[in-house]
$ cat protein.pdb   # PDB, C-alpha atoms and all ligand atoms
MODEL        1
ATOM      1  CA  MET A   1       0.000   0.000   0.000
ATOM      2  CA  PRO A   2       1.460   3.435  -0.922
ATOM      3  CA  ILE A   3       1.964   6.107   1.695
ATOM      4  CA  ASP A   4      -1.074   8.111   2.870
ATOM      5  CA  LEU A   5      -0.279  11.266   0.874
ATOM      6  CA  GLY A   6      -3.317  13.157   2.150
ATOM      7  CA  ARG A   7      -2.238  12.945   5.752
ATOM      8  CA  VAL A   8       1.406  13.874   5.044
ATOM      9  CA  GLN A   9       0.434  16.902   2.951
ATOM     10  CA  LYS A  10      -1.961  18.015   5.660
ATOM     11  CA  GLU A  11       0.790  17.675   8.255
ATOM     12  CA  ILE A  12       3.173  19.802   6.179
ATOM     13  CA  ARG A  13       0.494  22.495   5.736
ATOM     14  CA  ASP A  14      -0.237  22.486   9.474
ATOM     15  CA  ILE A  15       3.434  23.038  10.304
ATOM     16  CA  ASP A  16       3.711  25.826   7.695
ATOM     17  CA  ARG A  17       0.673  27.598   9.127
ATOM     18  CA  ASP A  18       1.808  27.459  12.748
ATOM     19  CA  LYS A  19       4.607  30.030  12.758
ATOM     20  CA  ALA A  20       4.754  30.095  16.560
ATOM     21  CA  SER A  21       5.753  26.455  17.044
ATOM     22  CA  GLY A  22       9.480  27.055  16.409
ATOM     23  CA  VAL A  23       9.746  24.101  14.052
ATOM     24  CA  THR A  24       9.583  24.081  10.255
ATOM     25  CA  ILE A  25       9.635  21.427   7.585
ATOM     26  CA  GLU A  26      10.519  21.279   3.904
ATOM     27  CA  VAL A  27      10.118  18.663   1.234
ATOM     28  CA  GLN A  28      13.412  17.466  -0.254
ATOM     29  CA  GLY A  29      12.871  17.239  -3.994
ATOM     30  CA  ASN A  30       9.812  15.580  -5.508
ATOM     31  CA  SER A  31       8.687  13.035  -2.949
ATOM     32  CA  VAL A  32       7.015  13.936   0.344
ATOM     33  CA  GLN A  33       8.689  10.865   1.828
ATOM     34  CA  LYS A  34      12.008  12.705   2.147
ATOM     35  CA  LEU A  35      11.872  15.870   4.214
ATOM     36  CA  ILE A  36      14.097  18.193   6.194
ATOM     37  CA  GLY A  37      12.870  19.410   9.548
ATOM     38  CA  CYS A  38      14.334  22.402  11.339
ATOM     39  CA  LEU A  39      14.197  23.374  14.986
ATOM     40  CA  LYS A  40      15.638  26.106  17.151
ATOM     41  CA  GLY A  41      17.856  25.219  20.057
ATOM     42  CA  PRO A  42      15.869  25.758  23.271
ATOM     43  CA  ARG A  43      16.663  28.794  25.397
ATOM     44  CA  ASP A  44      18.702  28.338  28.598
ATOM     45  CA  THR A  45      20.411  25.273  27.168
ATOM     46  CA  PRO A  46      23.832  24.868  25.497
ATOM     47  CA  PHE A  47      21.903  24.665  22.197
ATOM     48  CA  ASP A  48      20.471  28.194  22.495
ATOM     49  CA  GLY A  49      21.050  30.248  19.334
ATOM     50  CA  GLY A  50      21.531  27.133  17.209
ATOM     51  CA  ILE A  51      19.494  26.058  14.218
ATOM     52  CA  PHE A  52      19.272  22.278  13.923
ATOM     53  CA  TYR A  53      18.350  20.390  10.761
ATOM     54  CA  VAL A  54      16.851  16.925  10.885
ATOM     55  CA  ASN A  55      16.680  14.447   8.036
ATOM     56  CA  ILE A  56      13.248  12.817   7.870
ATOM     57  CA  GLU A  57      12.321   9.721   5.888
ATOM     58  CA  LEU A  58       8.813   8.346   5.745
ATOM     59  CA  ASP A  59       8.244   4.692   5.092
ATOM     60  CA  ASP A  60       5.280   3.605   2.924
ATOM     61  CA  GLN A  61       3.684   2.384   6.158
ATOM     62  CA  TYR A  62       3.736   5.849   7.798
ATOM     63  CA  PRO A  63       1.875   6.777  10.086
ATOM     64  CA  PHE A  64       1.596   3.154  11.191
ATOM     65  CA  VAL A  65       5.369   3.120  11.701
ATOM     66  CA  PRO A  66       7.414   6.056  13.104
ATOM     67  CA  PRO A  67       9.169   8.563  10.842
ATOM     68  CA  LYS A  68      12.909   7.932  10.531
ATOM     69  CA  MET A  69      14.672  10.978  11.940
ATOM     70  CA  ARG A  70      18.357  11.786  12.169
ATOM     71  CA  PHE A  71      20.122  15.054  12.988
ATOM     72  CA  ILE A  72      21.935  16.488   9.963
ATOM     73  CA  THR A  73      23.513  19.187  12.112
ATOM     74  CA  LYS A  74      26.177  17.834  14.443
ATOM     75  CA  VAL A  75      24.991  17.832  18.072
ATOM     76  CA  TRP A  76      26.750  17.061  21.364
ATOM     77  CA  HIS A  77      24.020  15.376  23.415
ATOM     78  CA  PRO A  78      23.789  12.047  25.303
ATOM     79  CA  ASN A  79      20.836  10.815  23.223
ATOM     80  CA  ILE A  80      22.173  11.859  19.816
ATOM     81  CA  SER A  81      25.123  10.203  18.116
ATOM     82  CA  SER A  82      27.937  12.728  17.769
ATOM     83  CA  ALA A  83      29.141  10.701  14.770
ATOM     84  CA  ASN A  84      26.034  10.276  12.622
ATOM     85  CA  GLY A  85      23.133  12.126  14.251
ATOM     86  CA  ALA A  86      21.177   8.966  15.134
ATOM     87  CA  ILE A  87      18.579   9.685  17.806
ATOM     88  CA  CYS A  88      17.548   7.617  20.811
ATOM     89  CA  LEU A  89      14.003   8.683  21.634
ATOM     90  CA  ASP A  90      11.197   6.303  22.620
ATOM     91  CA  ILE A  91       8.473   7.904  20.492
ATOM     92  CA  LEU A  92      10.625   7.387  17.395
ATOM     93  CA  LYS A  93      10.844   3.704  18.316
ATOM     94  CA  ASP A  94       8.440   1.484  20.256
ATOM     95  CA  GLN A  95       6.422   4.341  21.789
ATOM     96  CA  TRP A  96       5.320   5.709  18.414
ATOM     97  CA  SER A  97       1.582   6.145  17.865
ATOM     98  CA  PRO A  98      -0.238   7.150  14.659
ATOM     99  CA  ALA A  99      -1.889   9.912  16.696
ATOM    100  CA  LEU A 100       1.535  11.602  16.816
ATOM    101  CA  THR A 101       2.697  13.769  13.908
ATOM    102  CA  LEU A 102       5.880  15.123  12.339
ATOM    103  CA  LYS A 103       5.267  18.307  14.293
ATOM    104  CA  THR A 104       4.942  16.546  17.649
ATOM    105  CA  ALA A 105       8.030  14.490  16.802
ATOM    106  CA  LEU A 106      10.076  17.637  15.988
ATOM    107  CA  LEU A 107       8.807  19.308  19.161
ATOM    108  CA  SER A 108       9.837  16.198  21.091
ATOM    109  CA  LEU A 109      13.349  16.520  19.666
ATOM    110  CA  GLN A 110      13.422  20.095  20.887
ATOM    111  CA  ALA A 111      12.308  18.878  24.315
ATOM    112  CA  LEU A 112      14.988  16.190  24.218
ATOM    113  CA  LEU A 113      17.632  18.890  23.695
ATOM    114  CA  SER A 114      16.380  20.543  26.905
ATOM    115  CA  SER A 115      16.209  17.368  28.958
ATOM    116  CA  PRO A 116      18.824  14.715  28.150
ATOM    117  CA  GLN A 117      18.101  11.143  29.258
ATOM    118  CA  PRO A 118      21.603   9.857  30.082
ATOM    119  CA  ASP A 119      20.245   6.507  31.354
ATOM    120  CA  ASP A 120      19.253   5.586  27.831
ATOM    121  CA  PRO A 121      22.164   6.993  25.817
ATOM    122  CA  GLN A 122      22.797   6.940  22.088
ATOM    123  CA  ASP A 123      26.318   8.286  22.520
ATOM    124  CA  ALA A 124      28.137   6.628  25.443
ATOM    125  CA  VAL A 125      31.019   9.118  25.430
ATOM    126  CA  VAL A 126      28.729  12.130  25.714
ATOM    127  CA  ALA A 127      26.594  10.374  28.337
ATOM    128  CA  ARG A 128      29.667   9.611  30.446
ATOM    129  CA  GLN A 129      30.748  13.249  30.269
ATOM    130  CA  TYR A 130      27.226  14.408  31.138
ATOM    131  CA  MET A 131      27.155  12.182  34.233
ATOM    132  CA  GLY A 132      30.758  12.919  35.231
ATOM    133  CA  SER A 133      31.027  16.646  34.680
ATOM    134  CA  LEU A 134      27.977  18.641  33.740
ATOM    135  CA  ALA A 135      29.987  21.858  33.286
ATOM    136  CA  GLU A 136      32.344  20.176  30.845
ATOM    137  CA  TYR A 137      29.412  18.676  28.941
ATOM    138  CA  GLU A 138      27.708  22.055  28.684
ATOM    139  CA  ALA A 139      30.883  23.733  27.456
ATOM    140  CA  THR A 140      31.404  21.125  24.732
ATOM    141  CA  ALA A 141      27.750  21.190  23.700
ATOM    142  CA  ARG A 142      27.850  25.003  23.511
ATOM    143  CA  GLN A 143      30.989  24.916  21.435
ATOM    144  CA  TRP A 144      29.460  22.401  19.000
ATOM    145  CA  THR A 145      26.368  24.596  18.704
ATOM    146  CA  GLN A 146      28.558  27.557  17.807
ATOM    147  CA  THR A 147      30.660  25.578  15.359
ATOM    148  CA  TYR A 148      27.966  23.580  13.584
ATOM    149  CA  ALA A 149      24.567  25.114  14.280
ATOM    150  CA  HIS A 150      25.148  28.803  14.476
ATOM    151  CA  ALA A 151      22.502  30.969  12.909
ATOM    152  CA  GLN A 152      25.259  32.921  11.115
ATOM    153  CA  GLN A 153      25.732  30.005   8.750
ATOM    154  CA  VAL A 154      22.060  30.069   7.910
ATOM    155  CA  VAL A 155      22.004  33.813   7.327
ATOM    156  CA  GLY A 156      24.576  33.471   4.573
ATOM    157  CA  LEU A 157      22.684  30.559   3.081
ATOM    158  CA  GLU A 158      20.595  32.484   0.565
ATOM    159  CA  ALA A 159      23.658  33.868  -1.250
ATOM    160  CA  LYS A 160      25.122  30.390  -1.492
ATOM    161  CA  VAL A 161      21.840  29.014  -2.829
ATOM    162  CA  GLN A 162      21.927  31.675  -5.555
ATOM    163  CA  GLN A 163      25.474  30.750  -6.544
ATOM    164  CA  ILE A 164      24.556  27.101  -6.911
ATOM    165  CA  VAL A 165      21.344  27.917  -8.811
ATOM    166  CA  GLU A 166      23.450  29.941 -11.274
ATOM    167  CA  MET A 167      25.435  26.808 -11.929
ATOM    168  CA  GLY A 168      22.270  25.186 -13.225
ATOM    169  CA  PHE A 169      20.823  23.369 -10.216
ATOM    170  CA  GLY A 170      17.267  23.670  -8.923
ATOM    171  CA  ARG A 171      16.628  25.915  -5.936
ATOM    172  CA  GLU A 172      15.241  23.190  -3.703
ATOM    173  CA  GLN A 173      18.028  20.848  -4.690
ATOM    174  CA  ALA A 174      20.614  23.501  -3.841
ATOM    175  CA  LEU A 175      19.009  24.281  -0.500
ATOM    176  CA  ALA A 176      18.759  20.626   0.522
ATOM    177  CA  ALA A 177      22.404  19.988  -0.407
ATOM    178  CA  LEU A 178      23.613  23.062   1.485
ATOM    179  CA  LYS A 179      21.720  22.026   4.576
ATOM    180  CA  ARG A 180      23.157  18.554   4.396
ATOM    181  CA  ALA A 181      26.623  20.021   4.061
ATOM    182  CA  ASN A 182      26.015  22.396   6.989
ATOM    183  CA  GLY A 183      26.193  25.430   4.737
ATOM    184  CA  ASP A 184      29.477  24.467   3.111
ATOM    185  CA  GLU A 185      29.353  25.263  -0.625
ATOM    186  CA  ASN A 186      32.007  22.791  -1.662
ATOM    187  CA  GLY A 187      30.359  20.031   0.317
ATOM    188  CA  ALA A 188      27.009  20.889  -1.250
ATOM    189  CA  MET A 189      28.514  20.730  -4.758
ATOM    190  CA  GLU A 190      29.962  17.335  -3.996
ATOM    191  CA  ILE A 191      26.536  16.094  -2.890
ATOM    192  CA  LEU A 192      24.881  17.524  -6.010
ATOM    193  CA  LEU A 193      27.466  16.154  -8.423
ATOM    194  CA  GLY A 194      27.500  12.786  -6.720
ATOM    195  CA  ALA A 195      23.711  12.445  -6.770
TER
ATOM    196  CA  MET B   1     -44.669  22.005  19.621
ATOM    197  CA  THR B   2     -42.833  22.505  16.387
ATOM    198  CA  PHE B   3     -40.194  24.225  18.424
ATOM    199  CA  ASP B   4     -39.605  21.093  20.565
ATOM    200  CA  VAL B   5     -39.201  18.860  17.541
ATOM    201  CA  LYS B   6     -36.600  21.157  16.102
ATOM    202  CA  ILE B   7     -34.600  21.137  19.307
ATOM    203  CA  LYS B   8     -34.597  17.336  19.423
ATOM    204  CA  LYS B   9     -33.289  17.085  15.915
ATOM    205  CA  TRP B  10     -30.526  19.575  16.592
ATOM    206  CA  HIS B  11     -29.600  17.726  19.764
ATOM    207  CA  ALA B  12     -29.185  14.425  17.945
ATOM    208  CA  VAL B  13     -26.769  15.900  15.441
ATOM    209  CA  ALA B  14     -24.775  17.723  18.063
ATOM    210  CA  SER B  15     -24.541  14.613  20.178
ATOM    211  CA  TRP B  16     -23.154  12.573  17.296
ATOM    212  CA  THR B  17     -20.472  15.174  16.660
ATOM    213  CA  TRP B  18     -19.627  15.400  20.310
ATOM    214  CA  ASN B  19     -19.362  11.628  20.700
ATOM    215  CA  ALA B  20     -16.787  11.475  17.949
ATOM    216  CA  GLY B  21     -14.599  13.711  20.129
ATOM    217  CA  ASP B  22     -13.213  15.434  17.067
ATOM    218  CA  ASP B  23     -14.482  15.597  13.528
ATOM    219  CA  VAL B  24     -11.379  13.996  12.054
ATOM    220  CA  CYS B  25      -9.966  10.512  12.464
ATOM    221  CA  GLY B  26      -6.874  10.615  14.712
ATOM    222  CA  ILE B  27      -5.019   8.256  12.399
ATOM    223  CA  CYS B  28      -5.625   9.366   8.798
ATOM    224  CA  ARG B  29      -6.744  12.921   9.779
ATOM    225  CA  MET B  30      -9.623  12.770   7.312
ATOM    226  CA  PRO B  31     -13.089  13.958   8.362
ATOM    227  CA  PHE B  32     -15.378  11.231   9.660
ATOM    228  CA  ASP B  33     -17.917  12.024   6.967
ATOM    229  CA  GLY B  34     -15.224  11.393   4.342
ATOM    230  CA  CYS B  35     -13.210   8.332   3.386
ATOM    231  CA  PRO B  36     -10.155   6.821   5.019
ATOM    232  CA  PRO B  37      -7.260   6.622   2.526
ATOM    233  CA  ASP B  38      -8.027   3.060   1.430
ATOM    234  CA  GLY B  39     -11.830   3.457   1.436
ATOM    235  CA  LYS B  40     -13.699   4.401  -1.707
ATOM    236  CA  TYR B  41     -17.035   5.676  -0.490
ATOM    237  CA  PRO B  42     -18.034   7.684   2.550
ATOM    238  CA  GLY B  43     -20.657   6.171   4.819
ATOM    239  CA  ASP B  44     -21.108   2.414   5.071
ATOM    240  CA  ASP B  45     -17.719   1.666   3.610
ATOM    241  CA  SER B  46     -15.817   3.661   6.243
ATOM    242  CA  PRO B  47     -17.640   3.245   9.552
ATOM    243  CA  VAL B  48     -16.504   5.163  12.602
ATOM    244  CA  VAL B  49     -15.833   3.142  15.742
ATOM    245  CA  TRP B  50     -15.271   4.127  19.351
ATOM    246  CA  GLY B  51     -13.110   2.605  22.005
ATOM    247  CA  VAL B  52     -14.321   2.305  25.598
ATOM    248  CA  CYS B  53     -11.815   5.137  26.225
ATOM    249  CA  THR B  54     -14.178   7.296  24.043
ATOM    250  CA  HIS B  55     -11.618   7.901  21.275
ATOM    251  CA  ALA B  56     -12.907   7.426  17.745
ATOM    252  CA  PHE B  57     -11.312   6.275  14.495
ATOM    253  CA  HIS B  58     -12.299   4.865  11.125
ATOM    254  CA  LEU B  59     -12.713   1.104  11.480
ATOM    255  CA  GLN B  60     -10.107   0.478   8.753
ATOM    256  CA  CYS B  61      -7.612   2.843  10.383
ATOM    257  CA  ILE B  62      -7.807   1.443  13.922
ATOM    258  CA  ASN B  63      -7.798  -2.129  12.623
ATOM    259  CA  ARG B  64      -4.660  -1.533  10.610
ATOM    260  CA  TRP B  65      -2.954  -0.078  13.682
ATOM    261  CA  LEU B  66      -4.043  -2.880  16.034
ATOM    262  CA  GLN B  67      -2.946  -5.525  13.531
ATOM    263  CA  SER B  68       0.540  -4.019  13.438
ATOM    264  CA  GLN B  69       0.889  -4.051  17.232
ATOM    265  CA  ALA B  70       1.532  -6.787  19.761
ATOM    266  CA  GLU B  71      -0.288  -4.776  22.443
ATOM    267  CA  GLN B  72      -3.739  -3.457  21.589
ATOM    268  CA  LYS B  73      -3.607   0.152  22.727
ATOM    269  CA  CYS B  74      -5.507   3.302  21.784
ATOM    270  CA  PRO B  75      -3.264   5.612  19.669
ATOM    271  CA  PHE B  76      -4.392   8.612  21.712
ATOM    272  CA  CYS B  77      -4.406   7.580  25.362
ATOM    273  CA  ARG B  78      -2.486   4.250  25.150
ATOM    274  CA  ARG B  79      -5.144   2.573  27.249
ATOM    275  CA  GLN B  80      -6.062  -1.006  26.390
ATOM    276  CA  TRP B  81      -8.199  -0.786  23.237
ATOM    277  CA  GLU B  82     -11.676  -2.281  23.434
ATOM    278  CA  PHE B  83     -14.398  -1.589  20.940
ATOM    279  CA  LYS B  84     -17.352   0.182  22.454
ATOM    280  CA  GLN B  85     -20.810  -0.826  21.329
ATOM    281  CA  ALA B  86     -21.755   1.937  18.872
ATOM    282  CA  ALA B  87     -24.596   4.127  20.088
ATOM    283  CA  VAL B  88     -27.090   4.720  17.300
ATOM    284  CA  GLY B  89     -28.801   8.084  16.803
ATOM    285  CA  GLY B  90     -28.966  10.712  19.522
ATOM    286  CA  GLU B  91     -28.284   8.443  22.488
ATOM    287  CA  ASP B  92     -26.460  10.404  25.132
ATOM    288  CA  SER B  93     -23.778   8.241  26.689
ATOM    289  CA  ASP B  94     -22.433  10.964  28.904
TER
HETATM  290 ZN    ZN C   1      -9.075   7.233   9.523
HETATM  291 ZN    ZN C   2      -8.181   6.360  23.858
ENDMDL
END

$ encode --input "protein.pdb" --output "structure tokens"
Amino acid sequence: MPIDLGRVQKEIRDIDRDKASGVTIEVQGNSVQKLIGCLKGPRDTPFDGGIFYVNIELDDQYPFVPPKMRFITKVWHPNISSANGAICLDILKDQWSPALTLKTALLSLQALLSSPQPDDPQDAVVARQYMGSLAEYEATARQWTQTYAHAQQVVGLEAKVQQIVEMGFGREQALAALKRANGDENGAMEILLGA
Amino acid sequence: MTFDVKIKKWHAVASWTWNAGDDVCGICRMPFDGCPPDGKYPGDDSPVVWGVCTHAFHLQCINRWLQSQAEQKCPFCRRQWEFKQAAVGGEDSD
């Protein structure tokens, strides 16, 4: 059975309409089964001021199975792999319910940034640091936010999109590649040429 | 007297809407008077069912969810799912 397009399109519209939620979503290319979510780092956390992109893949069985989500932006957090962005969060696994949505899932990721669950870690090294020295953990997490998720990178994004569009690529394609490459033009070109 | 009859009719409709909790199915997000994604016709082909927890879904939608799960839980409240005998017409179950 193909994916329930009606529900997914409705979900995307609902997120677009709700400007106050702090999360956004964009379709990557032609299929609504590949999306990029975006969330702001919560205030009063080491992620404050950061913009975090999340790769989202929807199986044909969605919403009967959870969306596959992975951080594109590098994050230093006990429940997120510092190597590949894999996320350990119950609602994205066995606690998923079809009454949940992409929006509630993105908001849950934002909540996860605020309240790490070190007992159920995805990244053992980060979890150990979190348990051993909170101050050290916060300093590293803050530094990663500044290096990889700083809003400055996103501000300059539009100019880079234009440059890539002038080279003959589609706007959406260019934007998706730049986000995947964390705003790095050369990285984005490599993605586009390799695709 | 005509006035009374009108009120009764209105009440029945309102009660149906209220019983459904929401006017869309919590799984496919389509209105209950429309079709679930794999149903062709509104009405008989896509009945609405309630759990004893009072949450409502299209029959096809809740069945597909329950079949995919080892534990039979309501998608909304995660309580044990049990079908509630459907109340017909303007029966007030509250
Ligand atoms: Zn439904
Ligand atoms: Zn329920």

$ residues_near_ligand --input "protein.pdb" --ligand "ligand ZN 2 (chain C)" --cutoff "12 Å" --atoms "all atoms listed in the file" --output "list in words"
Ser97 and Ala99 of chain A; Ala20, Gly21, Gly26, Val49, Trp50, Gly51, Val52, Cys53, Thr54, His55, Ala56, Phe57, Ile62, Gln72, Lys73, Cys74, Pro75, Phe76, Cys77, Arg78, Arg79, Gln80, Trp81, Glu82, Phe83 and Lys84 of chain B

$ axis_aligned_box --input "protein.pdb" --around "segment 50-53 of chain B" --padding-each-side "5 Å" --output "lines of an AutoDock Vina configuration file"
center_x = -13.5
center_y = 3.7
center_z = 22.8
size_x = 13.5
size_y = 12.8
size_z = 16.9

$ resolve_selection --input "protein.pdb" --expression "the ChimeraX specification (/B :<10) & /A" --output "list in words"
Met1, Pro2, Ile3, Asp4, Leu5, Gly6, Arg7, Val8, Lys10, Glu11, Pro63, Phe64, Val65, Asp94, Gln95, Trp96, Ser97, Pro98, Ala99, Leu100 and Thr101 of chain A

$ atom_distance --input "protein.pdb" --atom1 "atom CA of Ile56 of chain A" --atom2 "atom CA of Leu193 of chain A"
21.9 Å

$ resolve_selection --input "protein.pdb" --expression "the PyMOL selection byres (((chain A and resi 78) around 12) and not hetatm)" --output "count of residues only"
38

$ atom_distance --input "protein.pdb" --atom1 "atom CA of Gly22 of chain A" --atom2 "atom CA of Lys40 of chain A"
6.3 Å

$ atom_distance --input "protein.pdb" --atom1 "atom CA of Ser21 of chain A" --atom2 "atom CA of Ala135 of chain A"
29.5 Å

$ closest_residue --input "protein.pdb" --among "B:Asn63, B:Pro31, B:His58, B:Ser46" --to "ligand ZN 1 (chain C)" --atoms "only C-alpha atoms and all ligand atoms"
B:His58

$ residues_near_point --input "protein.pdb" --point "(24.1, 21.7, 6.0)" --cutoff "9 Å" --atoms "all atoms listed in the file" --output "PyMOL selection string"
chain A and resi 53+72-73+148-149+153-154+175-184+187-188

$ closest_residue --input "protein.pdb" --among "B:Asp33, B:Gln85, B:Asp23, B:Gln60" --to "ligand ZN 1 (chain C)" --atoms "only C-alpha atoms and all ligand atoms"
B:Gln60

$ residues_around --input "protein.pdb" --residues "Gln173 of chain A" --least-positions-apart "6" --cutoff "8 Å" --atoms "only C-alpha atoms" --output "tab-separated table (two decimals) with C-alpha atoms, keeping the file's coordinate frame"
chain	number	residue	atom	x	y	z
A	28	GLN	CA	13.41	17.47	-0.25
A	29	GLY	CA	12.87	17.24	-3.99
A	192	LEU	CA	24.88	17.52	-6.01
